[in-house]
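Q: Structure in C-alpha cells, see below.
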Amino acid sequence: MLRISALLATVIVLMFSVVLIASTGNLEYVDSILDLTTGYYPQAVQLSSDAISGLTEPTYSGTPMYASLTLAGASYALVIDQDGSAGKLYVDVDGSKKLAPVNWIQQLYDGGNLASVSFQLPTDKGTRPYRLFLVWNPSTPTVIIYFRDNYMAGQIELGGVTYKMAIIDENSDGLFDDLHHDQLLIDIDQDGKLLASQDSHERYWLDAPFNIHGTVYQAASVSADGSQIVINKSDAWVDEKLPLGVGFTAPDFSVKDADGKDLSLSALKGKVVLLDFWASWCAPCRDELPNVEQAFKDYADRGLVVIGIDLDRNEGAFTGAVSYFGLTYPQVFDGADNKVSSLYRVSGIPMSYLIDRDGIIRGKSLRGNDIKQAINKLLSSK
C-alpha cells in the first residue's frame, strides 16, 4: 500500500507540474492584416470552364470561369466573368452556393486585380468571419491567387510576464491549428509592437521552439479557429533570437577571413562597418559589388570597414569571383557553415547591414547610391 501511495503521489506531482508549465492564451479575430504585415505566402486555385452544380448565378456579360476554394473544410465557389481582358468577380461567401458580385479594390503593378473578401466559415455554434485577398490577372486568366487578410491577436503569460501575441494562418486554409505551416508572433522585447518582418526576432513557425531570456517554449496546440493557444516549456534548446532592426545592437561574430586572419565585429568598435552578404551566382549581387568596392575606396581612410560575407556553394566560386571583380576589402567565405548569415537570419541576397561606431545597426538592405549617402552621414556624425 505504501508503495502504491508513493507512486500515486508521484503521478499527482508530475501532473501538477505539467499544469504549472503550460500557459493558455486567448485570442480574437482581427479583420485586416495590413497593420501587421504586407508579406504573404501565395496560394492558388485553378479556374475552369466546368460549371459548379447547384450555383445560383447571375447573367454573365462574358465567359464564366469557375473554381472551388476550400476553407476550414467547406467549399466556396469563385467565378470570374471574363469579357475580353476584363474580369468581374463573383463569390459564394457563405457556402450557400449563392454568388454575389465583389468589386476589385486595386489594380496591381503587374496588371492584376485585387479584392478583399470576408467569408463565413462554419463552426459548432454557427459561423465565423475569415477575410482573404483574391488576385486575378488577365495575363494568367485561369488562376486565382489568394492569401489571408486576417489574423488572431491576444495575450499570454509566460514565466510570470504577459506578452502580446498573434497567430497568422500562413497557408490560408481557414484553420489556425497547423503547427507546421502557420506562424506565431510574440512581443519578446515588450515594446507594444509585433515585428512581422522576415528577419524578425519575434516571428516563429508554430512548431518551432523559441527562447525568451533563457527559457525555451513551444506551442503545444492551437484551436482550429485560432481563439486559443497552449504553450509549454520545452526541453529542446535553441538560442535566443537577437533583434536585427535598425537601432538595435548588431550581433557579434568571430571568424577567419579569406586570408586566414581573425575577424570579429566587436574588435571594430569605433569604426563604421558595412556587412555585405553576397554570392557569385546572385545576379543582383554581382551588379552591386562595384558599388560596394567603390564605397570602400572612397571612405576607408575616413574609418569605414567593409566586410563581404560570401554565401557561395563552394570556395572555388567564391575566390574566383573575388579575383574577377577585383574586390579589395576583407572577405569571409560563409558558404561552408553559414555561421554569420544564420546569425543575421539572411533569407535573401544581396543584403547589407550598416553599423555605427557604437555597434548599432543604422541601415539595412542598402543599394546603389543609398550606400554612399548612408555611410557619409554616419562618418560625418560625431
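Simple scheme: letters A, B, ... for chains in C-alpha cells order, numbers from 1 for residues in each chain, numbers from 1 for ligands in the order shown.
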Give me, as a PyMOL selection string, all polymer residues having an atom no more than 6 Å from A:Gln183, counting only C-alpha atoms and skipping those fewer than 4 positions away in the same chain.
A: chain A and resi 167-168+204-206
Q: Excluding A:Ala219 and residues on its chain fewer than 6 positions from it, collect all residues at most 10 Å away from it, counting only C-alpha atoms, and give them as a PyMOL selection string.
A: chain A and resi 22-24+179+184+205-210+229-234
Q: Could you write those residues out with N, CA and C atoms, as an mmCIF file, in the first residue's frame?
A:
data_model
loop_
_atom_site.group_PDB
_atom_site.id
_atom_site.type_symbol
_atom_site.label_atom_id
_atom_site.label_comp_id
_atom_site.auth_asym_id
_atom_site.auth_seq_id
_atom_site.Cartn_x
_atom_site.Cartn_y
_atom_site.Cartn_z
ATOM 1 N N ALA A 22 2.362 24.794 -18.424
ATOM 2 C CA ALA A 22 1.520 25.062 -19.591
ATOM 3 C C ALA A 22 0.839 26.412 -19.424
ATOM 4 N N SER A 23 0.852 27.213 -20.481
ATOM 5 C CA SER A 23 0.189 28.510 -20.461
ATOM 6 C C SER A 23 -0.812 28.570 -21.603
ATOM 7 N N THR A 24 -1.957 29.149 -21.332
ATOM 8 C CA THR A 24 -3.006 29.276 -22.342
ATOM 9 C C THR A 24 -3.229 30.739 -22.677
ATOM 10 N N LEU A 179 0.434 23.451 -37.015
ATOM 11 C CA LEU A 179 1.678 23.864 -36.371
ATOM 12 C C LEU A 179 2.843 23.914 -37.356
ATOM 13 N N LEU A 184 3.598 32.181 -35.432
ATOM 14 C CA LEU A 184 3.375 32.829 -34.143
ATOM 15 C C LEU A 184 4.223 34.088 -34.076
ATOM 16 N N TRP A 205 7.696 29.904 -36.740
ATOM 17 C CA TRP A 205 6.727 28.896 -37.144
ATOM 18 C C TRP A 205 6.142 28.289 -35.878
ATOM 19 N N LEU A 206 4.875 27.922 -35.932
ATOM 20 C CA LEU A 206 4.182 27.466 -34.724
ATOM 21 C C LEU A 206 4.810 26.222 -34.103
ATOM 22 N N ASP A 207 5.460 25.390 -34.905
ATOM 23 C CA ASP A 207 6.041 24.176 -34.337
ATOM 24 C C ASP A 207 7.482 24.379 -33.865
ATOM 25 N N ALA A 208 7.988 25.609 -33.953
ATOM 26 C CA ALA A 208 9.381 25.864 -33.603
ATOM 27 C C ALA A 208 9.516 26.297 -32.147
ATOM 28 N N PRO A 209 10.490 25.741 -31.418
ATOM 29 C CA PRO A 209 10.758 26.247 -30.073
ATOM 30 C C PRO A 209 11.347 27.649 -30.138
ATOM 31 N N PHE A 210 11.108 28.448 -29.116
ATOM 32 C CA PHE A 210 11.650 29.805 -29.080
ATOM 33 C C PHE A 210 12.130 30.128 -27.673
ATOM 34 N N ILE A 229 -4.507 29.188 -27.708
ATOM 35 C CA ILE A 229 -3.230 28.517 -27.922
ATOM 36 C C ILE A 229 -2.691 28.057 -26.580
ATOM 37 N N VAL A 230 -2.074 26.888 -26.566
ATOM 38 C CA VAL A 230 -1.414 26.366 -25.376
ATOM 39 C C VAL A 230 0.078 26.300 -25.667
ATOM 40 N N ILE A 231 0.867 26.927 -24.805
ATOM 41 C CA ILE A 231 2.320 26.944 -24.955
ATOM 42 C C ILE A 231 2.948 26.322 -23.713
ATOM 43 N N ASN A 232 3.873 25.399 -23.921
ATOM 44 C CA ASN A 232 4.568 24.725 -22.831
ATOM 45 C C ASN A 232 6.040 25.117 -22.800
ATOM 46 N N LYS A 233 6.655 24.944 -21.645
ATOM 47 C CA LYS A 233 8.108 24.971 -21.604
ATOM 48 C C LYS A 233 8.622 23.766 -22.377
ATOM 49 N N SER A 234 9.796 23.937 -22.996
ATOM 50 C CA SER A 234 10.335 22.878 -23.851
ATOM 51 C C SER A 234 11.672 22.386 -23.327
#
Q: Given the choices A:Asp35, A:Leu275, A:Arg367, A:Lys164, which gets closest to A:Gln190 if the distance is worked out from only C-alpha atoms?
A: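 Ranked by minimum distance to A:Gln190, first place goes to A:Lys164.
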Q: Would you pick out the contacts of stretch 49-62 of chain A at 12 Å or less, using only C-alpha atoms, so that residues sharing its chain but fewer than 2 positions from it are not included, and give the list as a ChimeraX atom specification?
A: /A:46-47,64-69,75-92,95-101,141-143
Q: Taking 2 positions as the minimum chain separation for residues in the same chain, which residues sit within 12 Å of A:Ala267 when counting only C-alpha atoms? Answer as a ChimeraX atom specification.
A: /A:252-255,262-265,269-273,305,357-359
Q: Choose the residue, out of A:Gly320, A:Gly368, A:Gly260, A:Gly226, that has the smallest atom-to-atom separation from A:Ala295; count only C-alpha atoms.
A: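 Checking each of A:Gly320, A:Gly368, A:Gly260, A:Gly226 against A:Ala295, counting only C-alpha atoms, the winner is A:Gly368.
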Q: Please identify all polymer residues within 9 Å of A:Ala258, counting only C-alpha atoms, omitting same-chain residues fewer than 3 positions from it, and present them as a list of chain:residue names.
A: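 Result of the neighbour search: A:Lys261, A:Thr319, A:Pro330, A:Gln331, A:Val332, A:Phe333.
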Q: Give me the residues near stretch 340-342 of chain A as JSON, numbers by chain, where near means some atom within 12 Å (using only C-alpha atoms) and where sequence neighbours in that chain fewer than 5 positions away do not count.
A: {"A": [199, 239, 241, 242, 244, 250, 251, 252, 253, 254, 255, 256, 257, 263, 264, 265, 275, 276, 277, 278, 279, 307, 308, 309, 310, 311, 312, 332, 333, 334, 335, 347, 348, 349, 350, 351, 352, 353]}
Q: Store the residues picked out above, limited to N, CA and C atoms, as a CSV table (one decimal), in the first residue's frame.
A:
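Wrote part.csv, looks like this:
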chain,number,residue,atom,x,y,z
A,199,ASP,N,13.0,38.8,-41.1
A,199,ASP,CA,14.2,38.5,-40.2
A,199,ASP,C,13.9,38.9,-38.7
A,239,ASP,N,19.0,28.9,-29.3
A,239,ASP,CA,19.5,30.2,-28.9
A,239,ASP,C,18.4,31.2,-29.0
A,241,LYS,N,16.8,34.4,-30.3
A,241,LYS,CA,16.9,35.3,-31.5
A,241,LYS,C,17.2,36.7,-31.1
A,242,LEU,N,18.3,37.2,-31.7
A,242,LEU,CA,18.6,38.6,-31.4
A,242,LEU,C,17.9,39.6,-32.3
A,244,LEU,N,17.3,42.4,-35.0
A,244,LEU,CA,18.2,42.8,-36.1
A,244,LEU,C,17.6,44.1,-36.8
A,250,ALA,N,24.2,45.3,-33.3
A,250,ALA,CA,24.5,44.2,-34.2
A,250,ALA,C,25.1,43.0,-33.5
A,251,PRO,N,24.6,41.8,-33.8
A,251,PRO,CA,25.2,40.6,-33.2
A,251,PRO,C,26.7,40.5,-33.5
A,252,ASP,N,27.4,40.1,-32.5
A,252,ASP,CA,28.9,40.0,-32.7
A,252,ASP,C,29.2,38.6,-33.3
A,253,PHE,N,30.3,38.5,-34.0
A,253,PHE,CA,30.7,37.2,-34.5
A,253,PHE,C,32.3,37.2,-34.6
A,254,SER,N,32.8,36.1,-34.5
A,254,SER,CA,34.3,35.9,-34.7
A,254,SER,C,34.6,34.8,-35.7
A,255,VAL,N,35.3,35.2,-36.8
A,255,VAL,CA,35.5,34.2,-37.9
A,255,VAL,C,36.9,34.5,-38.4
A,256,LYS,N,37.4,33.7,-39.3
A,256,LYS,CA,38.6,34.0,-40.1
A,256,LYS,C,38.2,34.4,-41.5
A,257,ASP,N,38.9,35.5,-41.9
A,257,ASP,CA,38.6,35.9,-43.3
A,257,ASP,C,39.3,35.1,-44.3
A,263,LEU,N,38.9,37.8,-37.4
A,263,LEU,CA,38.0,38.9,-37.7
A,263,LEU,C,36.8,38.9,-36.8
A,264,SER,N,36.5,39.9,-36.0
A,264,SER,CA,35.4,40.0,-35.1
A,264,SER,C,34.7,41.3,-35.2
A,265,LEU,N,33.4,41.4,-35.1
A,265,LEU,CA,32.7,42.7,-35.1
A,265,LEU,C,33.1,43.5,-33.9
A,275,LEU,N,28.5,45.4,-43.6
A,275,LEU,CA,28.5,44.0,-43.9
A,275,LEU,C,27.7,43.8,-45.2
A,276,ASP,N,28.3,43.1,-46.2
A,276,ASP,CA,27.6,42.9,-47.4
A,276,ASP,C,27.6,41.4,-47.7
A,277,PHE,N,26.3,40.8,-47.7
A,277,PHE,CA,26.1,39.4,-47.9
A,277,PHE,C,25.9,39.2,-49.4
A,278,TRP,N,26.6,38.3,-50.0
A,278,TRP,CA,26.5,38.2,-51.5
A,278,TRP,C,26.9,36.8,-51.9
A,279,ALA,N,26.8,36.5,-53.2
A,279,ALA,CA,27.3,35.2,-53.7
A,279,ALA,C,27.5,35.4,-55.2
A,307,ILE,N,33.1,44.5,-45.0
A,307,ILE,CA,33.3,43.0,-44.9
A,307,ILE,C,32.3,42.3,-45.8
A,308,GLY,N,32.8,41.6,-46.7
A,308,GLY,CA,32.0,40.8,-47.6
A,308,GLY,C,31.8,39.4,-47.0
A,309,ILE,N,30.5,39.0,-46.9
A,309,ILE,CA,30.1,37.7,-46.4
A,309,ILE,C,29.6,36.9,-47.5
A,310,ASP,N,30.4,36.0,-48.0
A,310,ASP,CA,30.0,35.2,-49.3
A,310,ASP,C,29.3,33.9,-48.9
A,311,LEU,N,28.2,33.7,-49.7
A,311,LEU,CA,27.3,32.5,-49.5
A,311,LEU,C,27.4,31.5,-50.6
A,312,ASP,N,28.5,31.5,-51.4
A,312,ASP,CA,28.7,30.6,-52.5
A,312,ASP,C,28.7,29.2,-52.0
A,332,VAL,N,34.8,37.0,-46.2
A,332,VAL,CA,34.6,35.8,-45.3
A,332,VAL,C,33.8,34.8,-46.2
A,333,PHE,N,34.3,33.6,-46.4
A,333,PHE,CA,33.5,32.6,-47.0
A,333,PHE,C,32.6,31.9,-46.0
A,334,ASP,N,31.3,32.2,-46.1
A,334,ASP,CA,30.3,31.7,-45.2
A,334,ASP,C,29.5,30.5,-45.7
A,335,GLY,N,29.9,30.1,-46.9
A,335,GLY,CA,29.1,29.0,-47.5
A,335,GLY,C,29.2,27.7,-46.9
A,347,SER,N,17.8,35.8,-45.5
A,347,SER,CA,16.9,35.0,-46.3
A,347,SER,C,17.0,35.3,-47.7
A,348,GLY,N,17.6,36.4,-48.1
A,348,GLY,CA,17.8,36.8,-49.5
A,348,GLY,C,18.9,37.7,-49.7
A,349,ILE,N,19.6,37.6,-50.8
A,349,ILE,CA,20.7,38.4,-51.1
A,349,ILE,C,20.6,39.2,-52.4
A,350,PRO,N,21.2,40.3,-52.6
A,350,PRO,CA,22.1,41.0,-51.7
A,350,PRO,C,21.5,41.5,-50.5
A,351,MET,N,22.2,41.5,-49.4
A,351,MET,CA,21.7,42.0,-48.1
A,351,MET,C,22.9,42.7,-47.4
A,352,SER,N,22.6,43.9,-46.9
A,352,SER,CA,23.7,44.6,-46.2
A,352,SER,C,23.2,45.2,-44.9
A,353,TYR,N,24.1,45.3,-44.0
A,353,TYR,CA,23.9,46.0,-42.7
A,353,TYR,C,25.0,47.0,-42.5
Q: Calculate how many Å separate atom CA of A:Ser118 from atom CA of A:Asp149, rounding to one decimal.
A: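 So the two atoms, atom CA of A:Ser118 and atom CA of A:Asp149, lie 8.8 Å apart.
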Q: At what distance in Å, to one decimal, does atom CA of A:Tyr329 lie from atom CA of A:Leu379?
A: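 Computed distance, atom CA of A:Leu379 to atom CA of A:Tyr329, equals 18.0 Å.
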Q: Please, what distance in Å, to one decimal, runs between atom CA of A:Leu185 and atom CA of A:Thr162?
A: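 One can read the atom CA of A:Leu185 to atom CA of A:Thr162 distance as 13.6 Å.
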Q: As a tab-separated table (two decimals) with C-alpha atoms, in the first residue's frame, list the residues of stretch 132-309 of chain A assigned to alpha helix (DSSP H) by DSSP on the backbone atoms of this structure.
A:
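Written output follows (states_30.tsv):
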chain	number	residue	atom	x	y	z
A	283	ALA	CA	22.97	38.49	-60.43
A	284	PRO	CA	21.80	41.46	-58.29
A	285	CYS	CA	24.81	40.83	-56.00
A	286	ARG	CA	27.19	40.97	-58.96
A	287	ASP	CA	25.59	44.24	-60.05
A	288	GLU	CA	26.08	45.65	-56.56
A	289	LEU	CA	29.70	44.60	-55.98
A	290	PRO	CA	31.23	47.58	-57.87
A	291	ASN	CA	29.20	49.98	-55.69
A	292	VAL	CA	30.43	48.29	-52.52
A	293	GLU	CA	34.03	48.29	-53.74
A	294	GLN	CA	33.80	51.98	-54.65
A	295	ALA	CA	32.33	52.84	-51.24
A	296	PHE	CA	35.27	51.06	-49.61
A	297	LYS	CA	37.79	53.00	-51.72
A	298	ASP	CA	36.05	56.33	-51.08
A	299	TYR	CA	35.60	56.02	-47.32
Q: DSSP on the backbone: which residues in stretch 37-268 of chain A end up as strand (DSSP E)? Give the answer as a PyMOL selection string.
A: chain A and resi 43-46+63-71+74-83+86-91+100-102+106-107+113-123+126-136+143-148+151-158+161-168+183-186+203-205+210-212+215-222+228-233+254-256+262-264
Q: Just C-alpha atoms for this one: save the residues we selected as a short mmCIF file (atom, residue, chain, number, x, y, z; two decimals), in the first residue's frame.
A:
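Dumped to part.cif:
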data_model
loop_
_atom_site.label_atom_id
_atom_site.label_comp_id
_atom_site.auth_asym_id
_atom_site.auth_seq_id
_atom_site.Cartn_x
_atom_site.Cartn_y
_atom_site.Cartn_z
CA GLN A 43 -1.80 30.07 -52.64
CA ALA A 44 -3.53 29.32 -55.94
CA VAL A 45 -6.73 27.77 -57.21
CA GLN A 46 -7.39 26.74 -60.82
CA THR A 63 -17.40 33.76 -70.39
CA PRO A 64 -17.59 32.46 -66.81
CA MET A 65 -14.67 30.52 -65.32
CA TYR A 66 -15.26 28.56 -62.10
CA ALA A 67 -13.19 27.48 -59.10
CA SER A 68 -13.90 25.92 -55.71
CA LEU A 69 -11.98 27.20 -52.72
CA THR A 70 -11.76 25.05 -49.58
CA LEU A 71 -11.69 26.91 -46.24
CA ALA A 74 -16.07 23.84 -46.51
CA SER A 75 -16.30 24.65 -50.22
CA TYR A 76 -16.83 28.15 -51.63
CA ALA A 77 -17.42 28.95 -55.29
CA LEU A 78 -15.46 31.64 -57.14
CA VAL A 79 -16.37 32.83 -60.63
CA ILE A 80 -14.55 35.19 -62.98
CA ASP A 81 -16.81 36.55 -65.71
CA GLN A 82 -14.24 37.14 -68.47
CA ASP A 83 -15.13 39.74 -71.05
CA ALA A 86 -11.66 42.48 -68.18
CA GLY A 87 -12.95 40.20 -65.47
CA LYS A 88 -15.76 40.55 -62.95
CA LEU A 89 -15.54 38.61 -59.70
CA TYR A 90 -18.41 36.68 -58.10
CA VAL A 91 -18.04 34.88 -54.78
CA ALA A 100 -22.58 37.83 -55.08
CA PRO A 101 -20.56 40.40 -57.08
CA VAL A 102 -17.34 41.62 -55.45
CA GLN A 106 -6.97 47.88 -56.57
CA GLN A 107 -5.06 47.17 -59.75
CA ASN A 113 -6.81 42.88 -59.87
CA LEU A 114 -7.05 42.71 -56.06
CA ALA A 115 -10.16 42.08 -53.95
CA SER A 116 -10.60 41.58 -50.20
CA VAL A 117 -13.45 39.22 -49.38
CA SER A 118 -14.92 38.24 -46.00
CA PHE A 119 -16.06 34.61 -45.96
CA GLN A 120 -18.26 32.98 -43.32
CA LEU A 121 -16.75 29.71 -42.11
CA PRO A 122 -18.72 27.00 -40.29
CA THR A 123 -18.34 26.46 -36.54
CA GLY A 126 -22.73 28.97 -36.34
CA THR A 127 -20.15 30.83 -38.43
CA ARG A 128 -17.02 32.92 -38.02
CA PRO A 129 -15.50 35.52 -40.37
CA TYR A 130 -12.39 34.90 -42.39
CA ARG A 131 -11.12 37.56 -44.79
CA LEU A 132 -8.99 36.74 -47.83
CA PHE A 133 -7.23 38.69 -50.55
CA LEU A 134 -8.07 37.38 -54.04
CA VAL A 135 -5.95 38.29 -57.07
CA TRP A 136 -6.83 37.65 -60.71
CA VAL A 143 -5.62 31.10 -61.93
CA ILE A 144 -6.78 32.97 -58.84
CA ILE A 145 -4.15 33.74 -56.21
CA TYR A 146 -5.35 34.01 -52.63
CA PHE A 147 -3.85 34.74 -49.21
CA ARG A 148 -5.07 35.69 -45.73
CA TYR A 151 -5.04 37.21 -38.01
CA MET A 152 -5.73 36.32 -34.40
CA ALA A 153 -4.39 38.58 -31.63
CA GLY A 154 -4.27 38.34 -27.85
CA GLN A 155 -2.01 37.88 -24.83
CA ILE A 156 -0.31 35.06 -22.99
CA GLU A 157 1.55 34.81 -19.69
CA LEU A 158 4.94 33.09 -19.82
CA VAL A 161 5.25 38.02 -17.73
CA THR A 162 2.34 38.89 -20.04
CA TYR A 163 3.21 39.11 -23.72
CA LYS A 164 1.25 40.45 -26.66
CA MET A 165 0.94 37.80 -29.36
CA ALA A 166 -0.65 36.89 -32.70
CA ILE A 167 -1.21 33.82 -34.88
CA ILE A 168 -1.16 34.04 -38.68
CA GLN A 183 3.12 31.37 -37.63
CA LEU A 184 3.38 32.83 -34.14
CA LEU A 185 4.33 36.40 -33.30
CA ILE A 186 5.23 37.29 -29.73
CA ARG A 203 8.32 35.67 -35.52
CA TYR A 204 8.33 31.85 -35.41
CA TRP A 205 6.73 28.90 -37.14
CA PHE A 210 11.65 29.81 -29.08
CA ASN A 211 13.83 31.27 -26.37
CA ILE A 212 12.71 34.12 -24.13
CA THR A 215 13.75 29.83 -21.14
CA VAL A 216 12.62 27.80 -24.16
CA TYR A 217 8.92 27.46 -25.00
CA GLN A 218 6.97 25.73 -27.75
CA ALA A 219 3.35 25.76 -28.91
CA ALA A 220 1.60 22.52 -27.92
CA SER A 221 -1.74 23.12 -29.61
CA VAL A 222 -3.94 25.73 -31.23
CA GLN A 228 -6.86 29.61 -28.03
CA ILE A 229 -3.23 28.52 -27.92
CA VAL A 230 -1.41 26.37 -25.38
CA ILE A 231 2.32 26.94 -24.95
CA ASN A 232 4.57 24.73 -22.83
CA LYS A 233 8.11 24.97 -21.60
CA SER A 254 34.30 35.89 -34.66
CA VAL A 255 35.53 34.25 -37.86
CA LYS A 256 38.60 33.96 -40.06
CA ASP A 262 40.93 36.61 -37.20
CA LEU A 263 37.99 38.94 -37.68
CA SER A 264 35.36 39.96 -35.13
#
Q: With distances taken over only C-alpha atoms, which of A:Gly112, A:Leu343, A:Ser48, A:Ile375 is nearest to A:Ser139?
A: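 Among the listed residues, A:Gly112 lies closest to A:Ser139.
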Q: Find the spatial neighbours of A:Ser227, counting only C-alpha atoms, within a cut-off of 7 Å - ignore same-chain residues fewer than 4 positions away - and output them as a ChimeraX atom specification.
A: /A:26-28,223
